$ cat final-v1.cif   # mmCIF, C-alpha atoms and all ligand atoms
data_data
loop_
_atom_site.label_atom_id
_atom_site.label_comp_id
_atom_site.auth_asym_id
_atom_site.auth_seq_id
_atom_site.Cartn_x
_atom_site.Cartn_y
_atom_site.Cartn_z
CA MET A 1 13.03 21.94 -24.98
CA SER A 2 11.63 21.43 -28.47
CA ILE A 3 9.22 18.57 -29.13
CA SER A 4 9.41 16.15 -32.03
CA ILE A 5 6.39 15.22 -34.13
CA TRP A 6 6.82 11.63 -32.89
CA GLU A 7 6.56 12.73 -29.25
CA LYS A 8 3.64 15.01 -30.09
CA GLU A 9 1.71 12.17 -31.69
CA THR A 10 2.39 9.57 -28.97
CA VAL A 11 3.38 10.43 -25.40
CA LEU A 12 2.26 14.04 -25.65
CA ALA A 13 -0.88 13.33 -27.70
CA PRO A 14 -4.28 14.24 -26.20
CA GLN A 15 -5.50 11.62 -23.73
CA ASP A 16 -8.89 10.57 -22.43
CA VAL A 17 -7.47 9.97 -18.96
CA LEU A 18 -4.10 11.12 -17.64
CA ILE A 19 -3.16 9.32 -14.44
CA ILE A 20 -0.38 10.70 -12.27
CA GLY A 21 1.44 8.04 -10.21
CA ALA A 22 2.40 4.55 -11.40
CA GLY A 23 2.07 2.82 -8.04
CA VAL A 24 -0.54 0.15 -7.40
CA MET A 25 -3.39 2.69 -7.32
CA GLY A 26 -2.53 4.32 -10.65
CA LEU A 27 -1.85 1.06 -12.47
CA TRP A 28 -4.92 -0.81 -11.18
CA THR A 29 -7.14 2.16 -12.06
CA ALA A 30 -5.69 2.34 -15.56
CA LEU A 31 -6.38 -1.39 -16.03
CA GLU A 32 -9.94 -1.07 -14.76
CA LEU A 33 -10.61 1.87 -17.09
CA LYS A 34 -9.26 -0.07 -20.06
CA GLN A 35 -11.36 -3.07 -19.14
CA LEU A 36 -14.52 -0.93 -18.96
CA GLN A 37 -13.74 0.95 -22.15
CA PRO A 38 -11.00 -0.63 -24.30
CA ASN A 39 -10.74 2.32 -26.71
CA LEU A 40 -9.77 4.86 -24.05
CA ARG A 41 -6.44 6.62 -24.48
CA ILE A 42 -4.74 6.39 -21.11
CA LEU A 43 -1.33 7.69 -20.10
CA VAL A 44 0.17 6.98 -16.69
CA LEU A 45 3.02 9.31 -15.69
CA ASP A 46 5.35 8.88 -12.74
CA ARG A 47 8.12 11.28 -11.87
CA GLY A 48 10.40 8.55 -10.56
CA ALA A 49 12.57 6.53 -12.93
CA ILE A 50 11.25 3.81 -10.61
CA PRO A 51 7.88 4.81 -9.06
CA THR A 52 9.13 6.24 -5.78
CA GLY A 53 6.49 6.33 -3.07
CA ALA A 54 5.10 3.31 -1.27
CA SER A 55 4.41 0.58 -3.83
CA TYR A 56 8.04 -0.42 -4.49
CA ARG A 57 9.16 0.29 -0.92
CA ASN A 58 6.60 -1.47 1.29
CA ALA A 59 6.74 -4.68 3.29
CA GLY A 60 4.69 -6.82 0.91
CA PHE A 61 1.94 -7.88 3.30
CA ALA A 62 -1.27 -8.87 1.53
CA CYS A 63 -3.20 -8.18 4.70
CA PHE A 64 -6.74 -7.37 5.75
CA GLY A 65 -6.08 -6.14 9.31
CA SER A 66 -4.91 -7.43 12.68
CA PRO A 67 -7.18 -7.44 15.77
CA THR A 68 -5.75 -4.31 17.49
CA GLU A 69 -5.80 -2.45 14.18
CA LEU A 70 -9.41 -3.49 13.51
CA TRP A 71 -10.47 -2.45 17.03
CA SER A 72 -8.74 0.89 16.52
CA ASP A 73 -10.32 1.32 13.05
CA ALA A 74 -13.79 0.51 14.42
CA ALA A 75 -13.27 3.16 17.13
CA THR A 76 -12.09 5.75 14.57
CA MET A 77 -14.48 5.15 11.67
CA GLY A 78 -17.27 2.99 13.10
CA GLU A 79 -17.77 -0.77 12.84
CA ASP A 80 -19.64 -0.77 9.52
CA ALA A 81 -16.94 1.24 7.76
CA MET A 82 -14.24 -0.98 9.27
CA LEU A 83 -16.04 -4.11 8.04
CA HIS A 84 -16.53 -2.65 4.58
CA ILE A 85 -12.79 -1.98 4.27
CA VAL A 86 -11.96 -5.48 5.52
CA GLU A 87 -14.30 -6.93 2.90
CA GLN A 88 -12.65 -4.84 0.18
CA ARG A 89 -9.20 -6.02 1.28
CA ILE A 90 -10.25 -9.67 1.27
CA LYS A 91 -11.70 -9.26 -2.22
CA GLY A 92 -8.54 -7.39 -3.21
CA ILE A 93 -6.30 -10.29 -2.18
CA GLU A 94 -8.57 -12.69 -4.12
CA LYS A 95 -8.41 -10.40 -7.16
CA ILE A 96 -4.61 -10.19 -7.07
CA ARG A 97 -4.41 -13.99 -6.98
CA LYS A 98 -6.91 -14.26 -9.83
CA HIS A 99 -4.88 -11.94 -12.04
CA PHE A 100 -1.40 -13.21 -11.21
CA THR A 101 -0.08 -16.65 -10.44
CA ASP A 102 1.48 -17.10 -7.01
CA GLN A 103 4.80 -17.77 -8.78
CA GLU A 104 4.65 -14.47 -10.71
CA ILE A 105 4.47 -12.36 -7.55
CA ASP A 106 5.96 -14.81 -5.00
CA PHE A 107 2.65 -14.98 -3.16
CA ASP A 108 3.15 -16.97 0.03
CA ALA A 109 -0.13 -17.96 1.70
CA CYS A 110 1.74 -18.08 4.98
CA GLY A 111 -1.02 -16.76 7.27
CA GLY A 112 -0.82 -13.73 9.52
CA TYR A 113 -0.27 -13.18 13.24
CA GLU A 114 -0.59 -10.49 15.86
CA CYS A 115 1.62 -10.54 18.95
CA PHE A 116 0.73 -9.14 22.37
CA THR A 117 3.09 -8.26 25.22
CA GLU A 118 0.64 -7.55 28.02
CA ALA A 119 -1.13 -10.36 29.80
CA ASP A 120 -4.78 -9.68 29.00
CA ALA A 121 -7.31 -11.95 30.67
CA THR A 122 -10.02 -10.57 28.39
CA LEU A 123 -8.17 -11.31 25.11
CA ALA A 124 -9.97 -14.60 24.42
CA ASP A 125 -13.36 -12.95 24.93
CA ARG A 126 -12.43 -9.95 22.78
CA ILE A 127 -11.21 -12.23 19.97
CA ALA A 128 -14.43 -14.25 20.21
CA ALA A 129 -16.46 -11.03 19.91
CA LEU A 130 -14.35 -9.87 16.97
CA ASN A 131 -14.85 -13.24 15.26
CA THR A 132 -18.60 -12.81 15.60
CA THR A 133 -18.36 -9.34 14.06
CA MET A 134 -16.08 -10.54 11.26
CA GLN A 135 -18.30 -13.48 10.32
CA SER A 136 -20.46 -11.29 8.11
CA VAL A 137 -17.49 -10.56 5.82
CA THR A 138 -15.28 -13.64 6.17
CA GLY A 139 -18.13 -16.17 6.32
CA ASN A 140 -16.02 -17.92 8.94
CA THR A 141 -16.66 -18.34 12.65
CA ASN A 142 -12.95 -18.43 13.50
CA THR A 143 -11.27 -15.68 11.50
CA PHE A 144 -8.81 -15.24 14.37
CA ARG A 145 -7.53 -17.92 16.72
CA ILE A 146 -5.48 -17.68 19.92
CA ALA A 147 -2.26 -19.51 19.03
CA ASN A 148 0.05 -18.94 22.01
CA GLU A 149 1.55 -22.40 21.58
CA GLN A 150 3.17 -21.22 18.33
CA LEU A 151 5.17 -18.37 19.91
CA LYS A 152 8.10 -20.64 20.75
CA GLN A 153 8.11 -22.62 17.52
CA LEU A 154 8.15 -19.37 15.51
CA GLY A 155 11.21 -18.25 17.49
CA LEU A 156 9.45 -15.24 19.07
CA SER A 157 10.43 -13.93 22.52
CA ASN A 158 9.01 -11.63 25.19
CA PHE A 159 5.43 -11.83 23.98
CA ASN A 160 2.54 -13.05 26.10
CA ALA A 161 0.02 -13.96 23.47
CA LEU A 162 -0.29 -14.71 19.77
CA VAL A 163 -3.38 -14.54 17.56
CA SER A 164 -3.31 -16.16 14.12
CA SER A 165 -5.39 -16.01 10.97
CA THR A 166 -5.06 -18.04 7.81
CA TRP A 167 -6.15 -15.18 5.57
CA GLU A 168 -2.97 -13.22 5.10
CA GLY A 169 -0.06 -13.71 2.78
CA GLY A 170 3.18 -12.15 1.69
CA ILE A 171 4.10 -11.01 -1.80
CA HIS A 172 7.22 -9.76 -3.55
CA SER A 173 6.28 -6.11 -4.07
CA GLY A 174 8.84 -5.57 -6.85
CA LYS A 175 7.61 -8.55 -8.88
CA TYR A 176 4.00 -7.49 -8.25
CA LEU A 177 4.59 -3.95 -9.55
CA GLN A 178 6.45 -5.27 -12.57
CA ALA A 179 3.66 -7.74 -13.32
CA LEU A 180 1.06 -4.95 -13.06
CA HIS A 181 3.17 -2.72 -15.28
CA LYS A 182 3.43 -5.49 -17.88
CA ARG A 183 -0.35 -5.99 -17.82
CA ALA A 184 -0.86 -2.28 -18.37
CA ILE A 185 1.43 -2.23 -21.41
CA VAL A 186 -0.25 -5.33 -22.89
CA ALA A 187 -3.65 -3.65 -22.37
CA GLY A 188 -2.48 -0.70 -24.48
CA ILE A 189 -1.88 1.76 -21.65
CA GLN A 190 1.12 4.07 -22.00
CA VAL A 191 3.26 4.19 -18.85
CA VAL A 192 6.03 6.76 -18.74
CA HIS A 193 8.49 7.03 -15.86
CA GLY A 194 10.67 10.05 -15.06
CA ALA A 195 8.02 12.65 -15.91
CA ALA A 196 6.40 14.90 -13.31
CA LEU A 197 3.09 16.72 -13.33
CA LEU A 198 3.88 20.33 -12.43
CA HIS A 199 0.58 22.25 -12.82
CA TRP A 200 -2.66 22.08 -14.77
CA GLN A 201 -5.27 24.38 -16.22
CA GLU A 202 -8.86 23.36 -16.69
CA SER A 203 -11.38 24.66 -19.18
CA ASN A 204 -14.90 23.52 -20.09
CA ASP A 205 -13.88 20.60 -22.23
CA GLN A 206 -10.35 19.63 -21.17
CA VAL A 207 -7.46 19.88 -18.77
CA VAL A 208 -4.05 21.03 -20.01
CA ALA A 209 -1.42 19.39 -17.84
CA GLU A 210 2.01 20.96 -17.66
CA THR A 211 4.49 18.14 -17.19
CA SER A 212 8.28 18.01 -17.20
CA LEU A 213 7.94 16.54 -20.74
CA GLY A 214 5.67 19.30 -22.06
CA TYR A 215 1.94 20.06 -22.18
CA ILE A 216 -0.56 17.20 -22.40
CA LYS A 217 -4.28 17.70 -23.05
CA THR A 218 -6.63 15.30 -21.32
CA LYS A 219 -10.36 14.95 -20.72
CA GLN A 220 -9.82 13.66 -17.18
CA LEU A 221 -6.90 14.09 -14.79
CA LEU A 222 -6.56 11.58 -11.96
CA LEU A 223 -3.98 12.11 -9.22
CA CYS A 224 -2.77 8.82 -7.71
CA THR A 225 0.13 10.45 -5.93
CA ASN A 226 -0.65 9.12 -2.44
CA GLY A 227 1.56 10.76 0.23
CA PHE A 228 2.63 13.48 -2.22
CA LEU A 229 -0.86 14.83 -2.94
CA GLN A 230 -0.36 17.98 -0.88
CA GLU A 231 2.40 19.07 -3.29
CA LEU A 232 -0.25 19.31 -6.02
CA VAL A 233 -3.32 20.06 -3.90
CA PRO A 234 -2.10 22.03 -0.87
CA ASP A 235 -5.46 22.01 0.92
CA SER A 236 -5.78 18.22 0.70
CA ASN A 237 -6.29 16.65 4.11
CA THR A 238 -4.05 13.69 3.25
CA VAL A 239 -0.74 13.78 5.06
CA PRO A 240 2.47 11.93 4.26
CA ALA A 241 3.80 9.33 6.67
CA ARG A 242 7.25 7.87 6.22
CA GLY A 243 7.60 4.16 6.86
CA GLN A 244 11.04 2.76 7.65
CA VAL A 245 12.16 -0.81 7.17
CA LEU A 246 15.22 -2.97 7.81
CA LEU A 247 16.25 -6.37 6.48
CA THR A 248 18.65 -8.80 8.14
CA THR A 249 21.29 -10.97 6.52
CA PRO A 250 20.21 -14.60 5.92
CA ILE A 251 19.76 -16.45 9.22
CA GLU A 252 20.56 -20.13 9.52
CA GLY A 253 17.68 -22.09 11.01
CA LEU A 254 15.23 -19.16 11.03
CA ALA A 255 11.96 -20.51 12.42
CA LEU A 256 9.89 -17.43 11.55
CA HIS A 257 7.30 -17.92 8.79
CA GLY A 258 4.38 -15.59 8.20
CA THR A 259 3.36 -11.95 8.36
CA PHE A 260 3.34 -10.46 11.86
CA HIS A 261 1.81 -7.36 13.47
CA PHE A 262 2.16 -5.67 16.83
CA ASP A 263 0.51 -2.65 18.45
CA GLU A 264 -2.10 -1.59 15.86
CA GLY A 265 0.38 -2.31 13.07
CA PHE A 266 3.01 0.11 14.38
CA TYR A 267 5.47 -2.80 14.10
CA TYR A 268 5.24 -5.40 11.34
CA TRP A 269 7.62 -8.14 10.27
CA ARG A 270 7.84 -11.20 8.09
CA ASN A 271 10.35 -13.70 6.85
CA LEU A 272 11.75 -13.11 3.39
CA GLY A 273 13.20 -16.56 2.73
CA ASN A 274 15.54 -16.88 5.71
CA ARG A 275 15.91 -13.16 6.33
CA ILE A 276 13.75 -11.00 8.62
CA LEU A 277 12.10 -7.89 7.20
CA LEU A 278 10.92 -5.53 9.96
CA GLY A 279 9.22 -2.17 9.59
CA GLY A 280 7.43 0.48 11.60
CA ALA A 281 8.28 2.30 14.85
CA ARG A 282 6.76 5.43 13.31
CA ASN A 283 5.01 6.06 16.64
CA VAL A 284 8.43 6.69 18.25
CA ASN A 285 8.36 10.12 16.60
CA LYS A 286 5.17 10.58 14.58
CA ALA A 287 5.79 14.30 14.00
CA ALA A 288 9.23 13.76 12.45
CA GLU A 289 7.91 10.89 10.31
CA GLN A 290 5.18 13.07 8.80
CA THR A 291 7.47 13.84 5.90
CA THR A 292 8.12 13.00 2.25
CA ALA A 293 11.90 12.89 2.80
CA LEU A 294 13.02 9.48 1.63
CA HIS A 295 15.84 8.67 4.01
CA THR A 296 16.11 6.52 7.12
CA THR A 297 16.86 7.97 10.56
CA PRO A 298 19.00 6.60 13.42
CA GLU A 299 16.11 7.17 15.87
CA ILE A 300 13.61 4.91 14.09
CA GLN A 301 16.20 2.39 12.92
CA SER A 302 17.51 2.01 16.52
CA ALA A 303 13.95 1.42 17.74
CA LEU A 304 13.49 -1.21 15.04
CA GLU A 305 16.79 -2.90 15.94
CA ALA A 306 15.92 -2.94 19.64
CA PHE A 307 12.52 -4.53 18.82
CA LEU A 308 14.18 -7.04 16.50
CA HIS A 309 16.65 -8.13 19.14
CA LYS A 310 14.12 -8.31 21.95
CA HIS A 311 11.31 -10.11 20.16
CA ILE A 312 12.34 -11.75 16.90
CA GLY A 313 16.06 -12.32 16.56
CA ALA A 314 17.25 -12.87 20.14
CA GLN A 315 18.38 -16.44 19.50
CA TYR A 316 20.05 -15.81 16.13
CA SER A 317 23.20 -14.25 14.84
CA TYR A 318 22.67 -11.71 12.05
CA SER A 319 23.54 -8.23 10.91
CA ILE A 320 21.44 -5.61 9.11
CA GLU A 321 21.83 -6.00 5.36
CA GLN A 322 19.58 -3.20 4.15
CA ARG A 323 17.55 -0.23 5.38
CA TRP A 324 15.04 1.83 3.42
CA SER A 325 12.00 4.04 3.72
CA GLY A 326 8.86 4.74 1.70
CA ILE A 327 6.10 7.33 1.88
CA MET A 328 2.50 6.49 2.74
CA GLY A 329 -0.55 8.74 2.52
CA PHE A 330 -2.82 8.98 5.60
CA THR A 331 -6.27 10.43 6.06
CA LYS A 332 -7.67 11.56 9.43
CA ASP A 333 -10.31 8.84 9.72
CA LYS A 334 -8.08 6.22 8.04
CA ARG A 335 -10.61 5.76 5.24
CA PRO A 336 -9.42 5.69 1.64
CA GLN A 337 -10.16 8.91 -0.13
CA PHE A 338 -11.55 9.50 -3.61
CA THR A 339 -12.01 13.24 -4.06
CA GLN A 340 -13.38 15.39 -6.84
CA HIS A 341 -11.35 18.61 -6.94
CA SER A 342 -13.08 20.10 -9.99
CA ALA A 343 -15.15 18.91 -12.95
CA ARG A 344 -12.24 17.03 -14.56
CA VAL A 345 -9.71 16.56 -11.76
CA ARG A 346 -9.90 13.89 -9.06
CA SER A 347 -7.56 12.14 -6.67
CA ALA A 348 -7.65 8.57 -5.46
CA ILE A 349 -5.27 7.96 -2.65
CA ALA A 350 -4.61 7.17 0.93
CA CYS A 351 -4.82 3.45 1.32
CA ASN A 352 -3.49 4.30 4.79
CA GLY A 353 -0.58 1.90 4.78
CA MET A 354 -2.68 -1.03 3.47
CA GLY A 355 -2.76 -0.41 -0.26
CA VAL A 356 -1.62 -3.81 -1.46
CA ALA A 357 -4.98 -5.44 -0.77
CA LEU A 358 -7.19 -2.36 -1.00
CA SER A 359 -6.11 -0.69 -4.25
CA PRO A 360 -7.40 -3.37 -6.69
CA MET A 361 -10.95 -2.89 -5.37
CA MET A 362 -10.79 0.87 -4.92
CA ALA A 363 -9.66 1.09 -8.55
CA GLU A 364 -13.01 -0.38 -9.67
CA THR A 365 -14.97 2.41 -7.98
CA VAL A 366 -12.61 5.10 -9.22
CA ALA A 367 -12.70 3.86 -12.82
CA THR A 368 -16.51 3.70 -12.84
CA VAL A 369 -16.88 7.26 -11.58
CA VAL A 370 -14.22 8.65 -13.93
CA LEU A 371 -15.99 7.05 -16.91
CA GLN A 372 -19.42 8.31 -15.84
CA ASN A 373 -18.02 11.82 -15.98
CA SER A 374 -15.95 11.67 -19.15
C1 LIG B 401 7.50 1.13 4.47
C2 LIG B 401 6.12 0.80 3.98
C3 LIG B 401 5.58 -0.44 4.25
C4 LIG B 401 4.29 -0.75 3.79
N1 LIG B 401 3.85 -2.04 3.95
C5 LIG B 401 2.65 -2.38 3.41
C6 LIG B 401 2.23 -3.72 3.46
O1 LIG B 401 2.96 -4.60 3.92
N2 LIG B 401 0.99 -4.02 2.97
C7 LIG B 401 0.18 -3.05 2.43
O2 LIG B 401 -0.94 -3.35 2.03
N3 LIG B 401 0.60 -1.79 2.31
C8 LIG B 401 1.81 -1.43 2.77
N4 LIG B 401 2.25 -0.16 2.65
C9 LIG B 401 1.36 0.81 1.99
C10 LIG B 401 1.29 0.55 0.49
O3 LIG B 401 2.56 0.38 -0.04
C11 LIG B 401 0.54 1.74 -0.15
O4 LIG B 401 -0.77 1.83 0.42
C12 LIG B 401 0.41 1.62 -1.65
O5 LIG B 401 1.62 1.23 -2.24
C13 LIG B 401 -0.06 2.96 -2.19
O6 LIG B 401 0.00 2.91 -3.59
P1 LIG B 401 -0.26 4.22 -4.43
O7 LIG B 401 -0.20 3.82 -5.84
O8 LIG B 401 -1.46 4.91 -3.92
O9 LIG B 401 0.95 5.19 -4.05
P2 LIG B 401 2.51 5.17 -4.37
O10 LIG B 401 3.02 3.81 -4.57
O11 LIG B 401 3.14 6.00 -3.29
O12 LIG B 401 2.60 5.92 -5.75
C14 LIG B 401 2.51 7.31 -5.88
C15 LIG B 401 3.39 7.70 -7.04
O13 LIG B 401 3.14 9.05 -7.39
C16 LIG B 401 4.31 9.57 -7.97
N5 LIG B 401 4.22 11.03 -7.96
C17 LIG B 401 4.05 11.83 -6.90
N6 LIG B 401 3.96 13.11 -7.28
C18 LIG B 401 4.08 13.11 -8.65
C19 LIG B 401 4.06 14.14 -9.64
N7 LIG B 401 3.90 15.43 -9.33
N8 LIG B 401 4.21 13.78 -10.94
C20 LIG B 401 4.37 12.48 -11.28
N9 LIG B 401 4.39 11.47 -10.37
C21 LIG B 401 4.24 11.80 -9.07
C22 LIG B 401 5.43 9.01 -7.06
O14 LIG B 401 6.66 8.99 -7.75
C23 LIG B 401 4.90 7.62 -6.72
O15 LIG B 401 5.49 6.62 -7.51
C24 LIG B 401 3.52 0.20 3.09
C25 LIG B 401 4.07 1.45 2.82
C26 LIG B 401 5.36 1.76 3.25
C27 LIG B 401 5.93 3.09 2.93
#
$ encode --input "final-v1.cif" --output "structure tokens" --more "lines below"
Ligand SMILES: Cc1cc2nc3c(=O)[nH]c(=O)nc-3n(C[C@H](O)[C@H](O)[C@H](O)COP(=O)(O)OP(=O)(O)OC[C@H]3O[C@@H](n4cnc5c(N)ncnc54)[C@H](O)[C@@H]3O)c2cc1C
Amino acid sequence: MSISIWEKETVLAPQDVLIIGAGVMGLWTALELKQLQPNLRILVLDRGAIPTGASYRNAGFACFGSPTELWSDAATMGEDAMLHIVEQRIKGIEKIRKHFTDQEIDFDACGGYECFTEADATLADRIAALNTTMQSVTGNTNTFRIANEQLKQLGLSNFNALVSSTWEGGIHSGKYLQALHKRAIVAGIQVVHGAALLHWQESNDQVVAETSLGYIKTKQLLLCTNGFLQELVPDSNTVPARGQVLLTTPIEGLALHGTFHFDEGFYYWRNLGNRILLGGARNVNKAAEQTTALHTTPEIQSALEAFLHKHIGAQYSYSIEQRWSGIMGFTKDKRPQFTQHSARVRSAIACNGMGVALSPMMAETVATVVLQNS
């Protein structure tokens, strides 16, 4: 396709930083870069007409971690690393609320919960120990509280225990992405949807990116492609993980209010007004869900429906209004990953299914390093 002079001098003009991926990671990083250096020329490209990965397809939990997930993270990455990530997520939630009004992104400071099915006589002691550990980052002696008395009033069934925290909230992920996109445009960042990065070539002083729009020269190339990184960097150790979700029809008298977790986050649900949004069940067939294919499957959806009926919706009448999936990026040790692939090419990805709260803070680190090297 031929290129007009107007395209050549705007969208296809040489850039200081070319960011691939207009999800939360790409947009927050672009904003941080602009804040650090307002004169930078930054272009964010996304191959989807709507960015099509995780950011527009998630569950909208602004969360910092539930007890079983934090125990599992501490076992995988060590307690200090777990605490550092929790701290970053807490700061991330604060940062989101500083930048956007609650009305703009439908932030609901509803609090978060984790449900347990097995009777565990040691739970109270383990929560007390976790609270002691968490105090250094939350500054609070009671980050988590045993709240079994709320199981019934929240309309939950077949659970034995409930742990609550006041720190979590829910957001409207679509409104959040649109608000971020608007900020980026106002800051003078170009954001172009429907354009894919295909390949690149690097020389001493620049990278020439081949995109579906044409060639774009840039001083720095940053890949914020999350679960799709392996398509561009085959030896990346980030793997895709599909997350599936369902949403019920409105339910009269729904008592559920909050963000809920079960089994290290393998099931998560919340109320969306008077509907129930439920996601997860990836552990039913982890191998099949390690994919970038964006469809739902009867196997996972049936597991979600069975869970919904048994634990959340038993007393209500509803049907399933909507089903969807999104693609996450996972690393082996569940730590976020900021990798230098060559002098001018880096990737910043893998918020491991928790990018809403983590990406605003990770973007600060990424932007600082990219600028130091440009
Ligand atoms: C079902 C589901 C539920 C989730 N629930 C939560 C939750 O409640 N709370 C939470 O914190 N996190 C949640 N997450 C995770 C969270 O959404 C992600 O951590 C976060 O959105 C990652 O943002 P990102 O910008 O790194 O990636 P993405 O949003 O995936 O963006 C990557 C972008 O790269 C683009 N791209 C890929 N390849 C190319 C290419 N070659 N050229 C151009 N563009 C390309 C894609 O189109 C995509 O838009 C969930 C994820 C899923 C899937």
$ closest_atom_pairs --input "final-v1.cif" --of "chain A" --to "ligand LIG 401 (chain B)" --cutoff "6 Å" --atoms "only C-alpha atoms and all ligand atoms" --output "tab-separated table"
residue	atom	partner	partner_atom	distance
A:Ile20	CA	B:LIG401	C20	5.2
A:Gly21	CA	B:LIG401	O13	3.4
A:Ala22	CA	B:LIG401	O15	5.4
A:Gly23	CA	B:LIG401	O7	3.3
A:Val24	CA	B:LIG401	O7	4.0
A:Met25	CA	B:LIG401	O7	3.7
A:Gly26	CA	B:LIG401	O7	5.4
A:Leu45	CA	B:LIG401	C20	5.6
A:Asp46	CA	B:LIG401	N9	3.6
A:Arg47	CA	B:LIG401	C20	4.0
A:Gly48	CA	B:LIG401	O14	4.7
A:Pro51	CA	B:LIG401	O15	3.4
A:Thr52	CA	B:LIG401	O15	4.0
A:Gly53	CA	B:LIG401	O11	3.4
A:Ala54	CA	B:LIG401	O11	3.9
A:Ser55	CA	B:LIG401	O5	3.3
A:Arg57	CA	B:LIG401	C1	5.7
A:Asn58	CA	B:LIG401	C3	3.3
A:Ala59	CA	B:LIG401	O1	3.8
A:Gly60	CA	B:LIG401	O1	4.1
A:Phe61	CA	B:LIG401	O1	3.5
A:Ala62	CA	B:LIG401	N2	5.5
A:Cys63	CA	B:LIG401	O2	6.0
A:Ala195	CA	B:LIG401	C20	5.9
A:Ala196	CA	B:LIG401	N8	3.4
A:Leu197	CA	B:LIG401	N8	4.0
A:Leu198	CA	B:LIG401	N7	5.8
A:Cys224	CA	B:LIG401	O8	5.6
A:Thr225	CA	B:LIG401	O13	3.6
A:Asn226	CA	B:LIG401	O8	4.5
A:Phe228	CA	B:LIG401	C17	5.2
A:Arg242	CA	B:LIG401	C27	6.0
A:Gly243	CA	B:LIG401	C1	3.9
A:Gln244	CA	B:LIG401	C1	5.0
A:Val245	CA	B:LIG401	C1	5.7
A:Ser325	CA	B:LIG401	C1	5.4
A:Gly326	CA	B:LIG401	C27	3.6
A:Ile327	CA	B:LIG401	C27	4.4
A:Met328	CA	B:LIG401	C27	4.8
A:Ile349	CA	B:LIG401	O8	5.0
A:Cys351	CA	B:LIG401	O4	4.5
A:Asn352	CA	B:LIG401	O4	5.7
A:Gly353	CA	B:LIG401	C9	3.6
A:Met354	CA	B:LIG401	O2	3.2
A:Gly355	CA	B:LIG401	O4	3.1
A:Val356	CA	B:LIG401	O2	3.6
A:Ala357	CA	B:LIG401	O2	5.3
$ residues_around --input "final-v1.cif" --residues "Pro336 in chain A" --least-positions-apart "2" --cutoff "9 Å" --atoms "all atoms listed in the file" --output "list in words"
Ile85, Phe330, Thr331, Asp333, Lys334, Phe338, Ala348, Ile349, Ala350, Cys351, Asn352, Leu358 and Met362 of chain A
$ closest_residue --input "final-v1.cif" --among "A:Cys115, A:Leu18, A:Ala129, A:Met134" --to "Val86 in chain A" --atoms "all atoms listed in the file"
A:Met134
$ atom_distance --input "final-v1.cif" --atom1 "CA of Gln135 in chain A" --atom2 "CA of Pro360 in chain A"
22.6 Å
$ residues_around --input "final-v1.cif" --residues "range 64-76 of chain A" --least-positions-apart "3" --cutoff "10 Å" --atoms "only C-alpha atoms" --output "number ranges by chain"
A: 61, 79-83, 85-93, 112-116, 126-127, 130-131, 134, 144, 163-165, 167-169, 260-266, 332-335, 354, 356-358
$ write_last_selection --input "final-v1.cif" --atoms "C-alpha atoms" --output "short mmCIF file (atom, residue, chain, number, x, y, z; two decimals), in the frame of the given file"
data_model
loop_
_atom_site.label_atom_id
_atom_site.label_comp_id
_atom_site.auth_asym_id
_atom_site.auth_seq_id
_atom_site.Cartn_x
_atom_site.Cartn_y
_atom_site.Cartn_z
CA PHE A 61 1.94 -7.88 3.30
CA GLU A 79 -17.77 -0.77 12.84
CA ASP A 80 -19.64 -0.77 9.52
CA ALA A 81 -16.94 1.24 7.76
CA MET A 82 -14.24 -0.98 9.27
CA LEU A 83 -16.04 -4.11 8.04
CA ILE A 85 -12.79 -1.98 4.27
CA VAL A 86 -11.96 -5.48 5.52
CA GLU A 87 -14.30 -6.93 2.90
CA GLN A 88 -12.65 -4.84 0.18
CA ARG A 89 -9.20 -6.02 1.28
CA ILE A 90 -10.25 -9.67 1.27
CA LYS A 91 -11.70 -9.26 -2.22
CA GLY A 92 -8.54 -7.39 -3.21
CA ILE A 93 -6.30 -10.29 -2.18
CA GLY A 112 -0.82 -13.73 9.52
CA TYR A 113 -0.27 -13.18 13.24
CA GLU A 114 -0.59 -10.49 15.86
CA CYS A 115 1.62 -10.54 18.95
CA PHE A 116 0.73 -9.14 22.37
CA ARG A 126 -12.43 -9.95 22.78
CA ILE A 127 -11.21 -12.23 19.97
CA LEU A 130 -14.35 -9.87 16.97
CA ASN A 131 -14.85 -13.24 15.26
CA MET A 134 -16.08 -10.54 11.26
CA PHE A 144 -8.81 -15.24 14.37
CA VAL A 163 -3.38 -14.54 17.56
CA SER A 164 -3.31 -16.16 14.12
CA SER A 165 -5.39 -16.01 10.97
CA TRP A 167 -6.15 -15.18 5.57
CA GLU A 168 -2.97 -13.22 5.10
CA GLY A 169 -0.06 -13.71 2.78
CA PHE A 260 3.34 -10.46 11.86
CA HIS A 261 1.81 -7.36 13.47
CA PHE A 262 2.16 -5.67 16.83
CA ASP A 263 0.51 -2.65 18.45
CA GLU A 264 -2.10 -1.59 15.86
CA GLY A 265 0.38 -2.31 13.07
CA PHE A 266 3.01 0.11 14.38
CA LYS A 332 -7.67 11.56 9.43
CA ASP A 333 -10.31 8.84 9.72
CA LYS A 334 -8.08 6.22 8.04
CA ARG A 335 -10.61 5.76 5.24
CA MET A 354 -2.68 -1.03 3.47
CA VAL A 356 -1.62 -3.81 -1.46
CA ALA A 357 -4.98 -5.44 -0.77
CA LEU A 358 -7.19 -2.36 -1.00
#
$ axis_aligned_box --input "final-v1.cif" --around "range 98-106 of chain A" --padding-each-side "6 Å" --output "AutoDock Vina command-line options"
--center_x -0.5 --center_y -14.9 --center_z -8.5 --size_x 24.9 --size_y 17.8 --size_z 19.0
$ closest_residue --input "final-v1.cif" --among "A:Thr292, A:Thr29, A:Ser2, A:Thr117" --to "Gln230 in chain A" --atoms "only C-alpha atoms"
A:Thr292
